[in-house]
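Asker: Have a look at this one.
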Amino acid sequence: MESQSVLNHNSLKAILAEVNEVSNEDIRDEIVSDIYTKSKSLCKKVVSQQPAMYRSDKLDEIFTSRIWGFPIMLILLGTVFYITIAGANVPSDMLANLFGYLEGKLTFLFEAMHAPEWLHGVLVLGLFRGTGWVISVMLPPMAIFFPMFALLENYGYLPRVAFNMDRLFKRAGGHGKQSLTMAMGFGCNAAAIMSTRIIESPRERMLAILTNNFVPCNGRWPTLILLASLFMVTGFSGAAGTFVTAAILIGFVMLGVVVTLSVSWVLSKTALKGVPTHYTLELPPFRRPKFWNTILRASLDKAWYVLKRAVVVAAPASILTWVLANIYVGDTSILMHFINFLDPFGQALGMDGFIMAAFILGLPANEIVIPILIMAYLSQGAMLEIEDLSKLKQVFIDQGWTWLTALNMMLFSLLHFPCGTTLVNIYKETKSPKWTFMSFLIPTVIAIGVTWLTATVARAFGWV
Amino acid sequence: MHMEKTSLKPLSECSFGDCFLIKEINIKGPLRRRLLDLGFVKGAEISVLRKSPLGDPVAYRVSNTTIALRNDESSMILGEIVRGNTK
Amino acid sequence: MRVNRIALAGNPNTGKSTLFNTLTGLKQHTGNWPGKTVVHAEGSFEHKGEQYVLVDLPGTYSLFSNSADEEVARDHIVFDQPDATIVVLDATSLERNLNLALQVLEMTNNVIICINLIDEAEKKGIRIDERRLARELGVPVVKISARNKKGINRLLDTLSQLVHGQIVTTPYRMKYSKEIEEAITKIESKLEGYFDEKYPSRWIALRLLDGDEELILKLQNHKNNKQHEVRTNGVPVSVKS
């Protein structure tokens, strides 16, 4: 039997030698040309009337026009933001009210059962309140934003974005498809890391992985909406206020793009040297999506996703935060020790120790940063109820917030380290502890640098 | 033979509305194979659709689909330009 | 009960995923292809009381294994040998799409050509003579609109007939230039008896000519794995490795 496998091996070599004799470099060209010739002749036989000008071409003249291409991108993004903010307000308030009402009932129930105070604290004030916060702040905007985004995606608009932006990414040393992975990042950076697989060149894929975090994901941009609408649109109300909020969000997204391009550029000149690889991009015809089908699928998908994350990540984190806030060492809680420790650092960055602690405790998931922050603020002093989002501003102002605090928290949220899930995915995809650490370090350094700069400048000029 | 060689122009020199007949692809490796798969084969007719807002890449019509190529690639695809053949 | 394994192949942007969703609804699960960073999507459905498992192959322009996607799609068709392969074509750009269909026809006999987006094509004034195409290609051709759920039943009936052998296909095999054909014949004769008959020898010869030496290793590994499987089942095997 041994001899037979050797024989096989030899005959295999003989076959390969034979192959090399008759094969040549141009054979692939010939094969594909022949196949195309056949396709063409088949089409001549079975297809009648070749179309001259597609409707897509006319639409592309607008969507990728020299003059209108970029403005339309911004207008579309702005419209999506506007509808999200305008539409999410009411359901968010309703959900907050509902959870507030249920919290009252639960408290009543616990009192009726003479449950110990710590149990009520952990389950109602920690678990229930935190999870309820995440759901009421996250669910409505997500259930509005993603269906709209899915419509644009299914319509075929995203490849046009890649087409318009390619020059910029090429200049920065990246791949044109990086803009597609960034678009995924609006949904979830962790999922976007997986989507970088569409970039075949390892160098450019690494760039896309390391910079994806600069696109605000669904866990972060409710934070941006909240702070922008509370602190930055004070002079406006109603539709004008929503409009300005949307404009501010676009500003943040554009800042994220600028940082992405700059970091890509620096990395491709230093640690990830190399020339951009070639690429081809298909612009498929525009196709009217199944409207309600797309909306329903995306809404349910996202709602389910938010609820799942609320249970898996927000619930344990809420319990942990409550426990840390209620176990005392000396006459101060563990949480307050931690906050006091971070406070000088937070102040230097134009924020405070609470915010820093919230970002650190929020490492598992960005959506819990605001709930942790509120819980931490409220755990100080008297417990007050927050039935609606407008009362929240008072809580912040009582803690010494200014416009600079809000701005820097927004900047930090946009630029800081990726969430735990994203880091795990980066490790899974790169299999490199070094690059996973870099994907943590680069954004963190930038976030600290930028907020320190804005705080220092604002203070030097006496703006705050 | 010599005359024919010199008359070959790169695809990148085509402008809107031109038609282009591919004669040679001076690219090796995976990109060549990808271009072949997309229909950039010898003898294929290509028409120029439009430039992106920043001038590069350019969208081409090839076997009834729209494919965008950067100047780096389209300058390596050689052939004959038929001016203003399409409307 | 017999479960029919069906593969779904096609170019990107042909509405392949729409068809996948239409057929399998919510009975889907996704993962990775073993050892690859390529998404593996699988779903199941029932038709006329029979079970079908549908594998949504990555959308590719060809099956020459230029990329991980193409390799996964190709390997599934050649090695896993699904009971039928549905090739989804975009009616509005048939020429480039047929490129992939012709490649699949070189690899397997059990093929259904499914021309999708037929509504859109008709709106653009494109008419496709599917009977003529079926005659030319020697396999069933079904026109559908996955989006509007048109032609789905006809597709499923055809599928059922194909997997039960009620339709006998005579797939068109690409004919190349005289030199290539001669080389194929030469290599194919050398390969005779070397690999399992179930693998398409003409196609293997062509791939070898195209310089795909990795394919040989894969075919051998597959052979060895097969023996390993048998051994673990406790059946004595005569060939040692």
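Residues in the structure tokens are numbered from 1 in each chain, the chains being A, B, ... in the order shown, and ligands are numbered from 1 in the order shown.
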With DSSP run on the backbone, what are the strand (DSSP E or B) residues within region 101-190 of chain C? I'd like them as a PyMOL selection string.
Answerer: chain C and resi 111-116+127-128+141-143+145+150
Asker: What's around Ile67 (chain B) at 9 Å? Count only C-alpha atoms, leave out sequence neighbours fewer than 6 positions away in its own chain, and write the answer as a list in words.
Answerer: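 Final neighbour list, sorted by chain and number: Thr280, Leu281, Glu282, Leu283 and Pro284 of chain A; Leu38, Val58, Ala59, Tyr60 and Arg61 of chain B.
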Asker: Please produce a file of those selected residues containing C-alpha atoms, as a PDB file, in the first residue's frame.
Answerer:
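Contents of out_23.pdb, as written:
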```pdb
ATOM      1  CA  THR A 280     -12.936  48.032  -8.303  1.00  0.00           C
ATOM      2  CA  LEU A 281     -16.356  49.131  -7.155  1.00  0.00           C
ATOM      3  CA  GLU A 282     -19.663  48.168  -8.673  1.00  0.00           C
ATOM      4  CA  LEU A 283     -22.430  50.767  -8.682  1.00  0.00           C
ATOM      5  CA  PRO A 284     -25.525  48.566  -8.828  1.00  0.00           C
TER       6      PRO A 284
ATOM      7  CA  LEU B  38     -16.105  42.089 -14.334  1.00  0.00           C
ATOM      8  CA  VAL B  58     -14.476  57.156 -12.890  1.00  0.00           C
ATOM      9  CA  ALA B  59     -17.581  55.027 -13.529  1.00  0.00           C
ATOM     10  CA  TYR B  60     -17.632  52.881 -16.669  1.00  0.00           C
ATOM     11  CA  ARG B  61     -20.334  50.852 -18.337  1.00  0.00           C
TER      12      ARG B  61
END
```
Asker: Can you pull out every residue within 8 Å of region 24-38 of chain C, counting only C-alpha atoms, but drop anything in the same chain fewer than 4 positions away, and send it as a list in words?
Answerer: Arg197 of chain A; Phe20, Glu42, Gly43, Ser44, Phe45, Leu54, Pro58, Ala68, Asp69 and Val72 of chain C
Asker: Take the selection from the previous step and output its residues with N, CA, C and O atoms, as a compact mmCIF listing (two decimals), in the first residue's frame.
Answerer:
```txt
# COMPACT_ATOMS: atom_id res chain seq x y z
N ARG A 197 -14.07 42.70 6.66
CA ARG A 197 -13.64 41.57 5.84
C ARG A 197 -13.80 41.83 4.35
O ARG A 197 -13.15 41.18 3.54
N PHE C 20 -33.22 34.26 -0.79
CA PHE C 20 -32.92 33.46 0.40
C PHE C 20 -33.91 33.76 1.52
O PHE C 20 -34.48 32.86 2.13
N GLU C 42 -27.31 29.81 6.36
CA GLU C 42 -28.04 28.60 6.02
C GLU C 42 -29.47 28.76 6.51
O GLU C 42 -29.71 29.35 7.56
N GLY C 43 -30.41 28.24 5.75
CA GLY C 43 -31.80 28.30 6.17
C GLY C 43 -32.51 27.06 5.71
O GLY C 43 -31.98 26.29 4.92
N SER C 44 -33.72 26.86 6.23
CA SER C 44 -34.45 25.67 5.81
C SER C 44 -35.87 26.03 5.41
O SER C 44 -36.40 27.06 5.83
N PHE C 45 -36.47 25.23 4.58
CA PHE C 45 -37.88 25.42 4.21
C PHE C 45 -38.47 24.09 3.78
O PHE C 45 -37.76 23.09 3.62
N LEU C 54 -31.10 25.25 2.61
CA LEU C 54 -30.59 26.16 1.59
C LEU C 54 -29.33 26.86 2.10
O LEU C 54 -29.34 27.46 3.18
N PRO C 58 -21.55 33.01 -0.74
CA PRO C 58 -21.21 34.43 -0.89
C PRO C 58 -21.42 34.89 -2.33
O PRO C 58 -21.16 34.12 -3.26
N ALA C 68 -11.30 34.64 -0.90
CA ALA C 68 -11.83 33.66 0.05
C ALA C 68 -13.30 33.36 -0.26
O ALA C 68 -13.73 32.21 -0.19
N ASP C 69 -14.05 34.40 -0.62
CA ASP C 69 -15.46 34.22 -0.96
C ASP C 69 -15.63 33.22 -2.10
O ASP C 69 -16.46 32.31 -2.05
N VAL C 72 -14.73 29.63 -1.13
CA VAL C 72 -15.77 28.99 -0.33
C VAL C 72 -16.91 28.52 -1.23
O VAL C 72 -17.38 27.38 -1.13
```
Asker: List every residue of region 20-137 of chain C that has an atom at most 8 Å from any atom of region 38-48 of chain A, giving for each one its closest atom pair and the distance in Å to one decimal, counting only C-alpha atoms, sorted by chain and then by ascending residue number, as a tab-separated table.
Answerer:
```
residue	atom	partner	partner_atom	distance
C:Leu94	CA	A:Cys43	CA	7.1
C:Glu95	CA	A:Ser39	CA	5.4
C:Arg96	CA	A:Ser39	CA	7.3
C:Leu98	CA	A:Ser39	CA	5.6
C:Asn99	CA	A:Ser39	CA	6.1
C:Leu102	CA	A:Ser39	CA	8.0
C:Ile126	CA	A:Ser48	CA	6.0
C:Arg127	CA	A:Ser48	CA	5.2
C:Ile128	CA	A:Val47	CA	4.6
C:Asp129	CA	A:Val46	CA	4.8
C:Glu130	CA	A:Val46	CA	7.0
C:Arg132	CA	A:Val46	CA	6.3
C:Leu133	CA	A:Val46	CA	6.1
C:Glu136	CA	A:Leu42	CA	7.8
```
Asker: Could you please tell me, as a ChimeraX atom specification, which residues of chain C have an atom within 12 Å of chain B when using only C-alpha atoms?
Answerer: /C:11-14,60-67,70,90-100,103,126,210
Asker: Determine which residues of chain B DSSP labels as helix (DSSP H, G or I) from the backbone of this structure, then write them out as a PyMOL selection string.
Answerer: chain B and resi 2-6+11-13+29-38+71-74
Asker: Given a cut-off of 6 Å, which residues of chain B touch chain A, counting only C-alpha atoms, written out as JSON, numbers by chain?
Answerer: {"B": [41, 52, 53, 66, 67, 68, 69]}
Asker: Given the choices C:Asn221, C:Thr185, C:Ser160, C:Asn153, which gets closest to Leu23 (chain C) if the distance is worked out from only C-alpha atoms?
Answerer: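 Of all the options, C:Asn153 lies closest to Leu23 (chain C).
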Asker: Would you kindly return, as an MDAnalysis selection string, each protein, DNA or RNA residue with an atom no farther than 9 Å from any atom of Thr422 (chain A), considering only C-alpha atoms and excluding same-chain residues fewer than 6 positions away?
Answerer: chainID A and resid 188:193 213
Asker: Based on the selection just made, write all heavy atoms of those residues as a CSV table (one decimal), in the first residue's frame.
Answerer:
```
chain,number,residue,atom,x,y,z
A,188,CYS,N,-23.2,49.6,14.7
A,188,CYS,CA,-22.5,49.0,15.8
A,188,CYS,C,-21.1,48.8,15.4
A,188,CYS,O,-20.8,48.2,14.3
A,188,CYS,CB,-23.2,47.6,16.1
A,188,CYS,SG,-22.2,46.6,17.3
A,189,ASN,N,-20.1,49.3,16.1
A,189,ASN,CA,-18.7,49.2,15.8
A,189,ASN,C,-18.3,47.8,15.8
A,189,ASN,O,-17.5,47.3,15.0
A,189,ASN,CB,-17.9,50.0,16.7
A,189,ASN,CG,-18.1,51.5,16.6
A,189,ASN,OD1,-18.4,52.2,17.6
A,189,ASN,ND2,-18.2,52.1,15.4
A,190,ALA,N,-18.8,47.0,16.7
A,190,ALA,CA,-18.4,45.6,16.8
A,190,ALA,C,-18.8,44.8,15.6
A,190,ALA,O,-18.0,44.1,15.0
A,190,ALA,CB,-19.1,45.0,18.1
A,191,ALA,N,-20.0,45.1,15.0
A,191,ALA,CA,-20.4,44.5,13.8
A,191,ALA,C,-19.6,45.0,12.6
A,191,ALA,O,-19.3,44.3,11.7
A,191,ALA,CB,-21.9,44.7,13.6
A,192,ALA,N,-19.3,46.3,12.7
A,192,ALA,CA,-18.5,46.9,11.6
A,192,ALA,C,-17.1,46.3,11.5
A,192,ALA,O,-16.6,46.2,10.4
A,192,ALA,CB,-18.4,48.4,11.8
A,193,ILE,N,-16.5,45.9,12.6
A,193,ILE,CA,-15.2,45.3,12.6
A,193,ILE,C,-15.3,44.0,11.8
A,193,ILE,O,-14.4,43.7,11.0
A,193,ILE,CB,-14.8,45.0,14.1
A,193,ILE,CG1,-14.6,46.2,14.9
A,193,ILE,CG2,-13.5,44.1,14.0
A,193,ILE,CD1,-13.6,47.2,14.4
A,213,ASN,N,-13.9,53.1,15.2
A,213,ASN,CA,-14.5,53.6,16.4
A,213,ASN,C,-14.8,55.1,16.3
A,213,ASN,O,-15.6,55.6,17.1
A,213,ASN,CB,-13.5,53.4,17.5
A,213,ASN,CG,-14.0,53.7,18.8
A,213,ASN,OD1,-15.1,53.1,19.2
A,213,ASN,ND2,-13.4,54.5,19.6
```
Asker: Find the distance between CA of Ser201 (chain A) and CA of Asp75 (chain C) and write it in Å to one decimal.
Answerer: 22.3 Å
